[in-house]
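Trainee: File final_38.txt below, compact mmCIF, C-alpha atoms and all ligand atoms:
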```txt
# COMPACT_ATOMS: atom_id res chain seq x y z
CA MET A 1 -64.85 187.38 -49.04
CA ASP A 2 -63.51 183.81 -49.23
CA ALA A 3 -64.09 180.95 -46.84
CA VAL A 4 -62.16 177.72 -46.34
CA LYS A 5 -63.76 174.97 -44.28
CA VAL A 6 -61.73 172.85 -41.89
CA ASN A 7 -63.84 169.70 -41.99
CA LEU A 8 -62.72 167.94 -38.83
CA PRO A 9 -65.08 165.10 -37.92
CA SER A 10 -65.37 166.27 -34.31
CA HIS A 11 -65.61 169.93 -35.07
CA GLU A 12 -65.94 171.79 -38.34
CA TYR A 13 -65.04 175.45 -38.58
CA LYS A 14 -64.60 178.16 -41.17
CA VAL A 15 -61.66 180.40 -42.00
CA THR A 16 -63.05 183.70 -43.33
CA ILE A 17 -60.50 185.46 -45.53
CA GLY A 18 -60.74 188.92 -47.06
CA ALA A 19 -60.78 192.68 -46.54
CA GLY A 20 -63.12 193.51 -43.65
CA ALA A 21 -63.20 189.97 -42.17
CA LEU A 22 -62.72 191.39 -38.66
CA GLY A 23 -66.08 193.15 -39.06
CA ARG A 24 -67.75 189.71 -38.94
CA VAL A 25 -66.46 188.61 -35.53
CA ALA A 26 -69.19 190.24 -33.42
CA THR A 27 -72.05 188.73 -35.46
CA PHE A 28 -70.33 185.33 -35.39
CA LEU A 29 -70.31 185.42 -31.56
CA THR A 30 -74.06 185.97 -31.36
CA THR A 31 -75.06 183.59 -34.15
CA ASP A 32 -72.52 180.74 -34.14
CA LEU A 33 -71.43 180.27 -30.53
CA GLY A 34 -74.77 178.93 -29.38
CA SER A 35 -75.94 181.72 -27.12
CA SER A 36 -74.65 185.31 -26.96
CA PRO A 37 -71.65 185.35 -24.61
CA GLN A 38 -71.74 187.52 -21.47
CA HIS A 39 -67.98 188.05 -21.41
CA ALA A 40 -65.19 188.04 -23.95
CA PHE A 41 -61.47 188.12 -23.22
CA VAL A 42 -59.47 189.71 -26.02
CA ILE A 43 -55.71 189.16 -26.18
CA ALA A 44 -54.39 191.80 -28.56
CA ASP A 45 -50.97 192.20 -30.15
CA SER A 46 -49.43 195.63 -29.47
CA GLY A 47 -48.17 195.73 -33.09
CA VAL A 48 -51.68 195.72 -34.56
CA PRO A 49 -53.03 199.23 -35.24
CA ARG A 50 -55.34 200.01 -32.33
CA SER A 51 -58.24 200.96 -34.63
CA PHE A 52 -58.65 197.30 -35.71
CA VAL A 53 -58.76 196.05 -32.13
CA ASP A 54 -61.11 198.86 -31.04
CA SER A 55 -63.57 198.18 -33.85
CA VAL A 56 -63.83 194.48 -32.88
CA VAL A 57 -64.17 195.36 -29.17
CA GLN A 58 -66.83 198.02 -29.81
CA ALA A 59 -68.88 195.74 -32.05
CA ILE A 60 -68.82 192.92 -29.48
CA GLY A 61 -69.61 195.36 -26.65
CA ALA A 62 -72.59 196.73 -28.61
CA ASN A 63 -74.17 193.26 -28.31
CA GLY A 64 -74.18 193.64 -24.51
CA CYS A 65 -71.07 191.56 -23.94
CA GLU A 66 -68.52 192.70 -21.35
CA VAL A 67 -65.14 192.80 -23.09
CA ARG A 68 -61.79 192.73 -21.33
CA VAL A 69 -58.69 193.52 -23.43
CA GLU A 70 -55.12 192.49 -22.53
CA THR A 71 -52.42 193.77 -24.85
CA LEU A 72 -49.16 191.83 -25.29
CA THR A 73 -45.92 192.76 -26.98
CA PRO A 74 -45.00 189.43 -28.58
CA SER A 75 -41.64 187.78 -28.03
CA GLU A 76 -40.43 184.18 -27.95
CA GLN A 77 -39.01 184.78 -24.42
CA ASP A 78 -42.43 185.87 -23.12
CA LYS A 79 -44.24 183.10 -24.99
CA SER A 80 -43.96 181.34 -21.65
CA VAL A 81 -45.78 179.49 -18.90
CA GLU A 82 -45.41 182.63 -16.76
CA THR A 83 -47.38 184.71 -19.30
CA ILE A 84 -50.09 182.01 -19.43
CA HIS A 85 -50.30 182.07 -15.62
CA GLU A 86 -50.75 185.87 -15.57
CA LEU A 87 -53.42 185.75 -18.28
CA LEU A 88 -55.32 182.90 -16.64
CA LYS A 89 -55.53 184.96 -13.45
CA GLN A 90 -56.94 187.90 -15.45
CA VAL A 91 -59.47 185.65 -17.17
CA ALA A 92 -60.61 184.24 -13.82
CA LEU A 93 -60.97 187.73 -12.33
CA SER A 94 -63.06 188.89 -15.30
CA GLY A 95 -65.91 186.50 -14.45
CA HIS A 96 -65.35 184.42 -17.60
CA THR A 97 -67.56 181.33 -17.87
CA ARG A 98 -67.11 178.18 -19.95
CA ALA A 99 -69.36 179.55 -22.67
CA ASP A 100 -67.38 182.79 -23.05
CA PRO A 101 -64.75 183.15 -25.78
CA VAL A 102 -61.10 184.14 -25.75
CA ILE A 103 -60.33 186.17 -28.86
CA ALA A 104 -56.79 186.44 -30.25
CA ILE A 105 -56.03 189.48 -32.40
CA GLY A 106 -52.40 189.24 -33.41
CA GLY A 107 -49.54 187.32 -34.92
CA GLY A 108 -48.53 183.73 -34.25
CA VAL A 109 -47.14 184.40 -30.78
CA VAL A 110 -50.38 185.98 -29.53
CA GLY A 111 -52.45 183.30 -31.30
CA ASP A 112 -50.48 180.45 -29.70
CA ILE A 113 -50.70 182.06 -26.24
CA ALA A 114 -54.42 182.91 -26.50
CA GLY A 115 -55.18 179.42 -27.81
CA PHE A 116 -53.43 177.83 -24.84
CA VAL A 117 -55.18 180.12 -22.36
CA ALA A 118 -58.50 179.07 -23.93
CA ALA A 119 -57.50 175.39 -23.91
CA SER A 120 -56.55 175.50 -20.21
CA TYR A 121 -59.19 177.71 -18.62
CA GLN A 122 -61.88 175.49 -17.11
CA ARG A 123 -60.51 172.70 -19.35
CA GLY A 124 -61.43 174.57 -22.49
CA VAL A 125 -63.38 177.63 -23.53
CA PRO A 126 -64.03 178.74 -27.12
CA VAL A 127 -61.21 180.52 -28.94
CA ILE A 128 -61.59 182.77 -31.98
CA GLN A 129 -58.41 183.41 -33.95
CA CYS A 130 -57.97 186.75 -35.74
CA PRO A 131 -54.50 186.42 -37.29
CA THR A 132 -52.80 189.69 -38.23
CA THR A 133 -49.49 188.58 -39.77
CA LEU A 134 -49.16 186.66 -43.03
CA LEU A 135 -47.51 183.79 -41.15
CA SER A 136 -50.35 183.48 -38.67
CA MET A 137 -52.96 183.71 -41.45
CA VAL A 138 -51.46 180.95 -43.59
CA ASP A 139 -50.31 178.69 -40.79
CA ALA A 140 -50.47 179.37 -37.04
CA SER A 141 -54.16 180.30 -36.67
CA VAL A 142 -55.45 177.14 -38.38
CA GLY A 143 -55.17 173.61 -37.02
CA GLY A 144 -55.49 174.00 -33.27
CA LYS A 145 -51.87 173.79 -32.13
CA THR A 146 -51.49 176.11 -29.16
CA GLY A 147 -48.73 176.52 -26.64
CA VAL A 148 -45.65 178.20 -25.29
CA ASN A 149 -41.88 177.74 -25.09
CA LEU A 150 -40.06 176.26 -22.11
CA SER A 151 -36.74 177.62 -20.90
CA VAL A 152 -34.63 174.89 -19.27
CA GLU A 153 -31.10 174.53 -17.97
CA SER A 154 -29.53 171.17 -18.70
CA SER A 155 -26.89 169.37 -16.59
CA ASN A 156 -24.03 171.06 -18.50
CA GLY A 157 -25.44 174.46 -17.55
CA GLU A 158 -26.60 175.24 -21.08
CA GLN A 159 -29.83 177.25 -21.24
CA SER A 160 -32.25 176.16 -23.95
CA LEU A 161 -35.50 177.64 -25.16
CA LEU A 162 -37.55 174.59 -26.13
CA LYS A 163 -39.97 175.92 -28.70
CA ASN A 164 -43.64 175.08 -28.32
CA LEU A 165 -42.89 172.26 -25.88
CA VAL A 166 -45.86 172.97 -23.62
CA GLY A 167 -49.31 173.20 -25.13
CA ALA A 168 -52.53 171.61 -26.19
CA PHE A 169 -54.55 170.87 -29.29
CA HIS A 170 -57.49 173.25 -29.16
CA GLN A 171 -59.26 174.01 -32.41
CA PRO A 172 -60.64 177.52 -32.90
CA ARG A 173 -64.39 178.00 -33.32
CA GLY A 174 -63.72 180.42 -36.15
CA VAL A 175 -60.80 182.18 -37.85
CA PHE A 176 -61.03 185.69 -39.33
CA ALA A 177 -58.12 186.70 -41.57
CA ASP A 178 -58.58 190.34 -42.53
CA ILE A 179 -56.26 191.14 -45.44
CA GLU A 180 -56.51 194.90 -44.71
CA VAL A 181 -54.74 194.47 -41.39
CA LEU A 182 -51.60 193.35 -43.23
CA GLU A 183 -51.03 196.87 -44.60
CA SER A 184 -49.17 197.90 -41.46
CA LEU A 185 -47.02 194.75 -41.31
CA ASP A 186 -43.36 195.55 -41.91
CA GLU A 187 -41.52 194.17 -44.90
CA ARG A 188 -39.44 191.68 -42.95
CA TYR A 189 -42.49 190.04 -41.36
CA ARG A 190 -44.26 189.95 -44.74
CA VAL A 191 -41.31 188.07 -46.22
CA SER A 192 -41.11 185.84 -43.15
CA GLY A 193 -44.71 184.70 -43.72
CA LEU A 194 -43.85 183.78 -47.30
CA ALA A 195 -41.43 181.15 -45.97
CA GLU A 196 -44.36 179.14 -44.55
CA CYS A 197 -46.10 179.48 -47.94
CA VAL A 198 -43.00 178.03 -49.64
CA LYS A 199 -43.07 175.23 -47.05
CA HIS A 200 -46.66 174.42 -48.04
CA GLY A 201 -45.54 174.45 -51.68
CA MET A 202 -42.75 172.00 -50.87
CA ILE A 203 -45.17 169.47 -49.33
CA GLY A 204 -48.23 170.32 -51.48
CA ALA A 205 -47.88 167.67 -54.18
CA GLY A 206 -47.78 164.97 -51.51
CA VAL A 207 -50.96 166.31 -49.91
CA GLY A 208 -53.28 166.42 -52.92
CA ILE A 209 -53.15 166.90 -56.64
CA GLU A 210 -54.91 170.30 -56.42
CA HIS A 211 -52.09 171.62 -54.22
CA ALA A 212 -49.26 170.49 -56.49
CA GLY A 213 -48.96 173.81 -58.30
CA LEU A 214 -48.53 176.22 -55.38
CA MET A 215 -44.80 176.80 -55.93
CA ASP A 216 -45.23 177.50 -59.63
CA TRP A 217 -48.20 179.79 -58.90
CA MET A 218 -46.09 181.70 -56.36
CA LEU A 219 -43.27 182.14 -58.87
CA GLU A 220 -45.71 183.25 -61.59
CA HIS A 221 -47.18 185.85 -59.23
CA SER A 222 -43.93 186.79 -57.50
CA ASP A 223 -44.13 190.47 -58.54
CA SER A 224 -47.60 191.02 -57.13
CA ILE A 225 -46.80 188.93 -54.05
CA ARG A 226 -43.70 191.06 -53.39
CA ARG A 227 -45.81 194.22 -53.85
CA PHE A 228 -48.34 192.68 -51.43
CA ASP A 229 -51.16 193.29 -53.88
CA PRO A 230 -54.27 192.60 -51.72
CA VAL A 231 -56.08 190.48 -54.32
CA THR A 232 -53.04 188.24 -54.88
CA ILE A 233 -52.35 188.02 -51.14
CA GLN A 234 -55.96 186.98 -50.52
CA GLU A 235 -55.58 184.15 -53.05
CA LEU A 236 -52.23 183.22 -51.51
CA VAL A 237 -53.86 182.95 -48.08
CA VAL A 238 -56.78 180.90 -49.45
CA ARG A 239 -54.43 178.46 -51.23
CA ASN A 240 -52.25 178.04 -48.15
CA VAL A 241 -55.09 177.68 -45.68
CA SER A 242 -56.57 174.99 -47.97
CA ILE A 243 -53.34 172.98 -47.79
CA LYS A 244 -53.05 173.44 -44.04
CA ALA A 245 -56.72 172.47 -43.57
CA ASP A 246 -56.33 169.28 -45.64
CA VAL A 247 -53.23 168.20 -43.71
CA VAL A 248 -54.91 168.88 -40.35
CA VAL A 249 -58.12 167.06 -41.31
CA ALA A 250 -56.09 164.01 -42.36
CA ASP A 251 -54.10 163.94 -39.10
CA GLU A 252 -55.45 166.34 -36.48
CA ARG A 253 -53.16 165.25 -33.64
CA GLU A 254 -49.97 164.51 -35.56
CA SER A 255 -50.37 160.82 -34.84
CA ILE A 256 -49.71 159.35 -38.28
CA GLU A 257 -46.22 157.86 -38.30
CA ALA A 258 -46.21 156.92 -42.00
CA LYS A 259 -43.23 158.24 -43.94
CA ALA A 260 -45.14 160.29 -46.42
CA GLY A 261 -48.35 161.29 -44.69
CA GLY A 262 -49.55 163.28 -41.79
CA ARG A 263 -49.22 166.56 -40.04
CA MET A 264 -45.56 166.03 -39.24
CA LEU A 265 -44.82 167.05 -42.84
CA LEU A 266 -45.64 170.61 -41.79
CA ASN A 267 -42.37 170.51 -39.83
CA PHE A 268 -40.41 170.62 -43.11
CA GLY A 269 -37.48 172.99 -42.48
CA HIS A 270 -38.33 173.34 -38.79
CA THR A 271 -35.86 170.91 -37.14
CA PHE A 272 -32.91 172.68 -38.77
CA GLY A 273 -34.78 176.00 -38.55
CA HIS A 274 -35.42 175.87 -34.80
CA ALA A 275 -31.73 175.11 -34.21
CA VAL A 276 -30.56 178.22 -36.09
CA GLU A 277 -33.43 180.33 -34.72
CA THR A 278 -32.43 179.64 -31.12
CA ILE A 279 -28.70 180.36 -31.66
CA GLY A 280 -29.73 183.95 -31.06
CA ASP A 281 -27.24 186.33 -32.65
CA LEU A 282 -27.57 185.37 -36.32
CA SER A 283 -28.58 187.95 -38.92
CA PRO A 284 -30.35 187.18 -42.24
CA ASP A 285 -27.83 189.55 -43.89
CA ALA A 286 -24.17 189.02 -42.98
CA SER A 287 -23.36 192.68 -43.77
CA ARG A 288 -26.08 193.91 -41.36
CA PRO A 289 -25.53 192.32 -37.92
CA GLU A 290 -28.06 194.76 -36.43
CA LEU A 291 -30.84 192.64 -38.04
CA ALA A 292 -30.15 189.75 -35.61
CA PRO A 293 -31.87 187.65 -34.39
CA LEU A 294 -33.46 185.70 -37.24
CA HIS A 295 -37.23 185.86 -37.54
CA HIS A 296 -39.13 182.56 -37.49
CA GLY A 297 -39.78 182.53 -41.26
CA GLU A 298 -36.14 183.38 -42.05
CA ALA A 299 -35.00 180.47 -39.90
CA VAL A 300 -37.53 178.20 -41.64
CA ALA A 301 -36.18 179.32 -45.05
CA LEU A 302 -32.65 178.38 -43.97
CA GLY A 303 -33.98 175.15 -42.45
CA MET A 304 -35.69 174.20 -45.72
CA MET A 305 -32.45 174.85 -47.65
CA ALA A 306 -30.53 172.67 -45.17
CA ALA A 307 -33.19 169.93 -45.37
CA CYS A 308 -33.07 169.98 -49.18
CA ASN A 309 -29.31 169.62 -49.19
CA ALA A 310 -29.56 166.83 -46.60
CA GLY A 311 -32.08 165.16 -48.94
CA LEU A 312 -29.62 165.51 -51.81
CA SER A 313 -26.86 163.99 -49.69
CA ALA A 314 -29.19 161.10 -48.75
CA GLY A 315 -29.95 160.46 -52.43
CA LEU A 316 -33.64 161.22 -51.84
CA CYS A 317 -33.91 164.20 -54.18
CA SER A 318 -32.05 165.67 -57.13
CA GLN A 319 -30.01 168.86 -57.52
CA ASP A 320 -33.01 170.32 -59.44
CA VAL A 321 -35.07 170.32 -56.24
CA VAL A 322 -32.31 172.15 -54.34
CA ASP A 323 -31.90 174.70 -57.16
CA GLY A 324 -35.68 175.12 -57.48
CA LEU A 325 -36.11 175.87 -53.78
CA LYS A 326 -33.20 178.34 -53.84
CA LYS A 327 -34.80 180.14 -56.79
CA VAL A 328 -38.15 180.50 -54.99
CA LEU A 329 -36.59 181.67 -51.73
CA GLU A 330 -34.42 184.21 -53.55
CA ALA A 331 -37.46 185.47 -55.50
CA PHE A 332 -38.97 186.47 -52.16
CA ASN A 333 -35.76 187.81 -50.58
CA LEU A 334 -35.61 184.99 -48.07
CA PRO A 335 -32.15 183.94 -46.86
CA THR A 336 -30.58 180.76 -48.24
CA ARG A 337 -27.29 181.10 -46.34
CA VAL A 338 -26.34 182.59 -42.98
CA GLY A 339 -23.10 183.98 -41.58
CA GLY A 340 -21.82 183.41 -38.06
CA LEU A 341 -23.01 179.81 -37.63
CA PRO A 342 -21.06 177.99 -34.90
CA THR A 343 -19.28 174.74 -35.84
CA THR A 344 -21.42 172.16 -37.65
CA LEU A 345 -21.07 169.82 -34.68
CA LYS A 346 -22.45 172.52 -32.38
CA VAL A 347 -25.51 172.99 -34.61
CA VAL A 348 -26.06 169.20 -34.73
CA GLU A 349 -25.73 169.15 -30.93
CA ARG A 350 -28.26 172.00 -30.73
CA MET A 351 -30.76 169.97 -32.83
CA SER A 352 -30.15 166.75 -30.91
CA HIS A 353 -29.98 168.43 -27.50
CA ASP A 354 -33.46 169.92 -27.86
CA LYS A 355 -34.79 166.56 -28.93
CA LYS A 356 -33.01 164.77 -26.08
CA VAL A 357 -34.32 167.18 -23.46
CA SER A 358 -37.84 166.76 -24.84
CA GLY A 359 -37.41 162.95 -24.96
CA LYS A 360 -37.80 162.69 -28.73
CA ALA A 361 -35.56 160.94 -31.27
CA LEU A 362 -34.13 163.09 -34.06
CA ARG A 363 -36.53 163.14 -36.99
CA VAL A 364 -36.31 165.29 -40.10
CA ILE A 365 -38.55 165.93 -43.07
CA LEU A 366 -36.59 165.62 -46.31
CA PRO A 367 -37.73 166.24 -49.91
CA THR A 368 -38.12 163.32 -52.28
CA GLY A 369 -39.09 165.44 -55.29
CA TRP A 370 -40.52 168.81 -56.29
CA GLY A 371 -43.32 169.50 -53.82
CA LYS A 372 -43.00 166.15 -52.03
CA CYS A 373 -41.41 165.29 -48.68
CA GLU A 374 -40.97 162.30 -46.38
CA ILE A 375 -40.42 161.79 -42.67
CA ILE A 376 -36.99 160.31 -41.90
CA ASN A 377 -36.30 158.90 -38.43
CA ASP A 378 -32.73 158.73 -37.09
CA PRO A 379 -31.12 160.22 -40.21
CA ASP A 380 -27.46 159.56 -41.01
CA PRO A 381 -25.46 162.33 -39.21
CA GLU A 382 -23.48 162.90 -42.45
CA TRP A 383 -26.66 164.05 -44.24
CA ILE A 384 -27.47 166.43 -41.40
CA MET A 385 -23.94 167.85 -41.40
CA ASP A 386 -24.03 168.33 -45.19
CA GLY A 387 -27.33 170.17 -44.78
CA ILE A 388 -25.91 172.52 -42.16
CA ASP A 389 -22.72 173.17 -44.13
CA SER A 390 -24.79 174.07 -47.20
CA ILE A 391 -26.34 177.13 -45.49
CA ARG A 392 -23.06 178.51 -44.11
CA ALA A 393 -22.27 181.89 -45.75
N1 LIG A 401 -49.62 177.08 -33.89
C1 LIG A 401 -49.08 176.80 -35.04
O1 LIG A 401 -49.49 175.89 -35.77
C2 LIG A 401 -47.91 177.64 -35.51
C3 LIG A 401 -47.46 177.52 -36.83
C4 LIG A 401 -46.43 178.36 -37.26
C5 LIG A 401 -45.85 179.27 -36.38
N2 LIG A 401 -46.29 179.34 -35.08
C6 LIG A 401 -45.70 180.29 -34.13
O2 LIG A 401 -45.94 181.61 -34.62
C7 LIG A 401 -44.96 182.49 -34.10
C8 LIG A 401 -44.48 183.42 -35.19
O3 LIG A 401 -45.59 184.18 -35.61
P1 LIG A 401 -45.42 185.57 -36.38
O4 LIG A 401 -44.45 185.42 -37.48
O5 LIG A 401 -46.78 186.05 -36.66
O6 LIG A 401 -44.65 186.48 -35.33
P2 LIG A 401 -45.15 187.40 -34.13
O7 LIG A 401 -46.36 186.89 -33.51
O8 LIG A 401 -43.94 187.58 -33.28
O9 LIG A 401 -45.49 188.78 -34.86
C9 LIG A 401 -44.48 189.43 -35.58
C10 LIG A 401 -44.47 190.93 -35.32
O10 LIG A 401 -45.52 191.55 -36.06
C11 LIG A 401 -46.24 192.45 -35.21
N3 LIG A 401 -47.58 192.51 -35.79
C12 LIG A 401 -48.57 191.60 -35.75
N4 LIG A 401 -49.59 191.98 -36.54
C13 LIG A 401 -49.25 193.16 -37.09
C14 LIG A 401 -49.86 194.06 -37.99
N5 LIG A 401 -51.03 193.77 -38.56
N6 LIG A 401 -49.23 195.21 -38.31
C15 LIG A 401 -48.01 195.49 -37.80
N7 LIG A 401 -47.36 194.68 -36.97
C16 LIG A 401 -47.97 193.53 -36.61
C17 LIG A 401 -46.12 191.84 -33.85
O11 LIG A 401 -46.32 192.80 -32.83
C18 LIG A 401 -44.68 191.34 -33.88
O12 LIG A 401 -43.80 192.39 -33.59
C19 LIG A 401 -43.85 181.60 -33.54
O13 LIG A 401 -43.90 181.64 -32.14
C20 LIG A 401 -44.18 180.21 -34.04
O14 LIG A 401 -43.77 179.20 -33.16
C21 LIG A 401 -47.30 178.55 -34.65
```
I need this file expressed as structure tokens, please.
Mentor:
Amino acid sequence: MDAVKVNLPSHEYKVTIGAGALGRVATFLTTDLGSSPQHAFVIADSGVPRSFVDSVVQAIGANGCEVRVETLTPSEQDKSVETIHELLKQVALSGHTRADPVIAIGGGVVGDIAGFVAASYQRGVPVIQCPTTLLSMVDASVGGKTGVNLSVESSNGEQSLLKNLVGAFHQPRGVFADIEVLESLDERYRVSGLAECVKHGMIGAGVGIEHAGLMDWMLEHSDSIRRFDPVTIQELVVRNVSIKADVVVADERESIEAKAGGRMLLNFGHTFGHAVETIGDLSPDASRPELAPLHHGEAVALGMMAACNAGLSAGLCSQDVVDGLKKVLEAFNLPTRVGGLPTTLKVVERMSHDKKVSGKALRVILPTGWGKCEIINDPDPEWIMDGIDSIRA
């Protein structure tokens, strides 16, 4: 079993990574939460094989804790304030106190929802994250960002889903990433999680010398990563969680505005990516429209390609960086182009519209070299348009 520490000054916690990690949750509650909790509220993902959820629930219950389980079928539409409201009512009715934990067992959607429920109930109760997708293990479960999407209608009648606009920073007390649970994850979600690993590789060299080699390591081990060999996947998760932990410790609340530092770098590929993700009817394979909509990681892969090409257009990075990223994404069957994009202007509007509604100026993360990125405020629209055009199939 591996462990990565997130050494935040206010609150240090451990990410336990390995086969059987879920078996450690019950003991953690009695030994590490102060006193044994009387109640626990489990928010479980319906996609996770029930046996994993049941074993956690039984082990916690055996310690005399009353466990309530709510099962959610994750979707971006239901990652909403309405879902939070329903869950908060259930938590209140279960007799939950401030000392009692909320436990998320699921992918990024369930983790973000459960984290926000825990952050809001009585101004904050402990949350334990048990990520069950690769994406949530390497990214979403670590770092304390929680929240939901907001659906708004603007003055021109256009409906927008503003991703993760409502939320709170609420660090977990512990994270348990059980590699065995990934066996049931379907191929497309496995690949989708790899996109966030590539993202970490693309910012790694700027975060610390020890993280500079992630992309090359991923390419070297691409066969066993594609086969989802458990030993290689465990190392992949450890390497990625280490990068995420270092970025979060350096800038917990995304408050560093410097060009090359801070948590904002983790948004590499996401400004473009969110725009294509929310277009709705795009497929990662132009010949298979039934695969629409894009999954989060697929949109991030396209977003990173667009950002790299925007960086090339801005003169910030060389063609080698663009070619290198394409090679890595292709090695993992991630899309680098997409069919059916609306006009470039419409995609730019989509990016700017979301920012305008949320009161933020357009800001993108562009590469400056292999494994290094910078934050660019108010980028030249030409660069953005070049980036979008570069991913058009
Ligand atoms: N908080 C953060 O820092 C952060 C970072 C990155 C992404 N996110 C969020 O994470 C979400 C995406 O997460 P995701 O990719 O995990 O998607 P997801 O939560 O939608 O899960 C993907 C699918 O996998 C299923 N599933 C989960 N575990 C499974 C298992 N072990 N076996 C079989 N099926 C399983 C789910 O039911 C779902 O159908 C987005 O909403 C994104 O905004 C948050």
Trainee: So that I can check the surroundings of range 48-61 of chain A, please list as a PDB file with C-alpha atoms, keeping the file's coordinate frame every protein, DNA and RNA residue that reaches within 7 Å of it, counting only C-alpha atoms and ignoring chain neighbours fewer than 5 positions away.
Mentor:
```
ATOM      1  CA  LEU A  22     -62.720 191.390 -38.660  1.00  0.00           C
ATOM      2  CA  GLY A  23     -66.080 193.150 -39.060  1.00  0.00           C
ATOM      3  CA  VAL A  25     -66.460 188.610 -35.530  1.00  0.00           C
ATOM      4  CA  ALA A  26     -69.190 190.240 -33.420  1.00  0.00           C
ATOM      5  CA  GLU A  66     -68.520 192.700 -21.350  1.00  0.00           C
ATOM      6  CA  VAL A  67     -65.140 192.800 -23.090  1.00  0.00           C
ATOM      7  CA  GLY A 106     -52.400 189.240 -33.410  1.00  0.00           C
TER       8      GLY A 106
END
```
Trainee: Could you give me, as a tab-separated table, a per-residue list for chain A showing, wherever an atom lies at most 8 Å from an atom of ligand LIG 401 (chain A), the closest pair of atoms and their distance in Å to one decimal, using only C-alpha atoms and all ligand atoms and sorting by chain then residue number from low to high?
Mentor:
```
residue	atom	partner	partner_atom	distance
A:Asp45	CA	A:LIG401	O11	5.4
A:Ser46	CA	A:LIG401	O11	5.4
A:Gly47	CA	A:LIG401	O11	3.5
A:Val48	CA	A:LIG401	C14	4.2
A:Pro49	CA	A:LIG401	N6	6.3
A:Thr73	CA	A:LIG401	O11	5.9
A:Pro74	CA	A:LIG401	O8	5.2
A:Ser75	CA	A:LIG401	O8	5.7
A:Glu76	CA	A:LIG401	O13	6.0
A:Lys79	CA	A:LIG401	O13	7.3
A:Gly106	CA	A:LIG401	N4	5.0
A:Gly107	CA	A:LIG401	O5	3.5
A:Gly108	CA	A:LIG401	O3	3.3
A:Val109	CA	A:LIG401	O7	3.8
A:Val110	CA	A:LIG401	O7	5.7
A:Gly111	CA	A:LIG401	N1	7.3
A:Asp112	CA	A:LIG401	N1	5.4
A:Pro131	CA	A:LIG401	N4	7.5
A:Thr132	CA	A:LIG401	N4	4.3
A:Thr133	CA	A:LIG401	N4	4.7
A:Leu134	CA	A:LIG401	O5	6.8
A:Leu135	CA	A:LIG401	O4	5.0
A:Ser136	CA	A:LIG401	O5	4.8
A:Asp139	CA	A:LIG401	C3	5.0
A:Ala140	CA	A:LIG401	C2	3.4
A:Ser141	CA	A:LIG401	N1	6.2
A:Val142	CA	A:LIG401	O1	6.6
A:Gly143	CA	A:LIG401	O1	6.2
A:Gly144	CA	A:LIG401	N1	6.7
A:Lys145	CA	A:LIG401	N1	4.4
A:Thr146	CA	A:LIG401	N1	5.2
A:Gly147	CA	A:LIG401	N1	7.3
A:Val148	CA	A:LIG401	O13	7.9
A:Lys163	CA	A:LIG401	O14	6.7
A:Asn164	CA	A:LIG401	O14	6.4
A:Val181	CA	A:LIG401	N5	4.7
A:Leu182	CA	A:LIG401	N5	4.7
A:Glu183	CA	A:LIG401	N6	6.7
A:Ser184	CA	A:LIG401	N6	4.1
A:Leu185	CA	A:LIG401	C15	3.7
A:Asp186	CA	A:LIG401	C15	6.2
A:Tyr189	CA	A:LIG401	C9	6.1
A:Ser192	CA	A:LIG401	O4	6.6
A:Gly193	CA	A:LIG401	O4	6.3
A:Glu196	CA	A:LIG401	C4	7.6
A:His295	CA	A:LIG401	O4	7.2
A:His296	CA	A:LIG401	C8	5.9
A:Gly297	CA	A:LIG401	O4	6.7
```
Trainee: Have a look at CA of Met1 in chain A and CA of Asn267 in chain A and let me know their distance in Å, one decimal.
Mentor: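 Rounded to one decimal, the two atoms are 29.6 Å apart.
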Trainee: So, with all atoms listed in the file as the atoms that count, which of A:Gly339, A:Gly34, A:Arg253, A:Glu235 lies closest to Ala292 in chain A?
Mentor: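 Going through A:Gly339, A:Gly34, A:Arg253, A:Glu235 one by one, the smallest distance to Ala292 in chain A is for A:Gly339.
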Trainee: Just the residues within 8 Å of range 157-160 of chain A, please, counting all atoms listed in the file, with nothing from its chain fewer than 4 positions along; format it as a list of chain:residue names.
Mentor: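 So, after excluding close chain neighbours, the residues are A:Ser151, A:Val152, A:Glu153, A:Thr278, A:Asp354.
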Trainee: Keeping only C-alpha atoms, write the selected residues to a file as a PDB file, keeping the file's coordinate frame.
Mentor:
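Below is the file that was written, again.pdb:
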```pdb
ATOM      1  CA  SER A 151     -36.740 177.620 -20.900  1.00  0.00           C
ATOM      2  CA  VAL A 152     -34.630 174.890 -19.270  1.00  0.00           C
ATOM      3  CA  GLU A 153     -31.100 174.530 -17.970  1.00  0.00           C
ATOM      4  CA  THR A 278     -32.430 179.640 -31.120  1.00  0.00           C
ATOM      5  CA  ASP A 354     -33.460 169.920 -27.860  1.00  0.00           C
TER       6      ASP A 354
END
```
Trainee: Measuring atom to atom with all atoms listed in the file, identify which of A:Val322, A:Val249, A:Leu72, A:Ala393 is nearest to Leu282 in chain A.
Mentor: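 Under the stated criterion, the closest residue is A:Ala393.
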Trainee: Distance CA of Ser242 in chain A-CA of Val127 in chain A, one decimal place?
Mentor: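 For CA of Ser242 in chain A relative to CA of Val127 in chain A, the distance reads 20.4 Å.
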Trainee: Pick out the closest residue to Val138 in chain A from this set: A:Ile113, A:Val15, A:Leu165, A:Leu93. Count all atoms listed in the file.
Mentor: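 Selected residue with least distance to Val138 in chain A: A:Val15.
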Trainee: Report as a ChimeraX atom specification all protein, DNA and RNA residues lying within 9 Å of Val125 in chain A, evaluated on only C-alpha atoms, omitting residues in the same chain fewer than 6 positions from it.
Mentor: /A:97-102,117-119
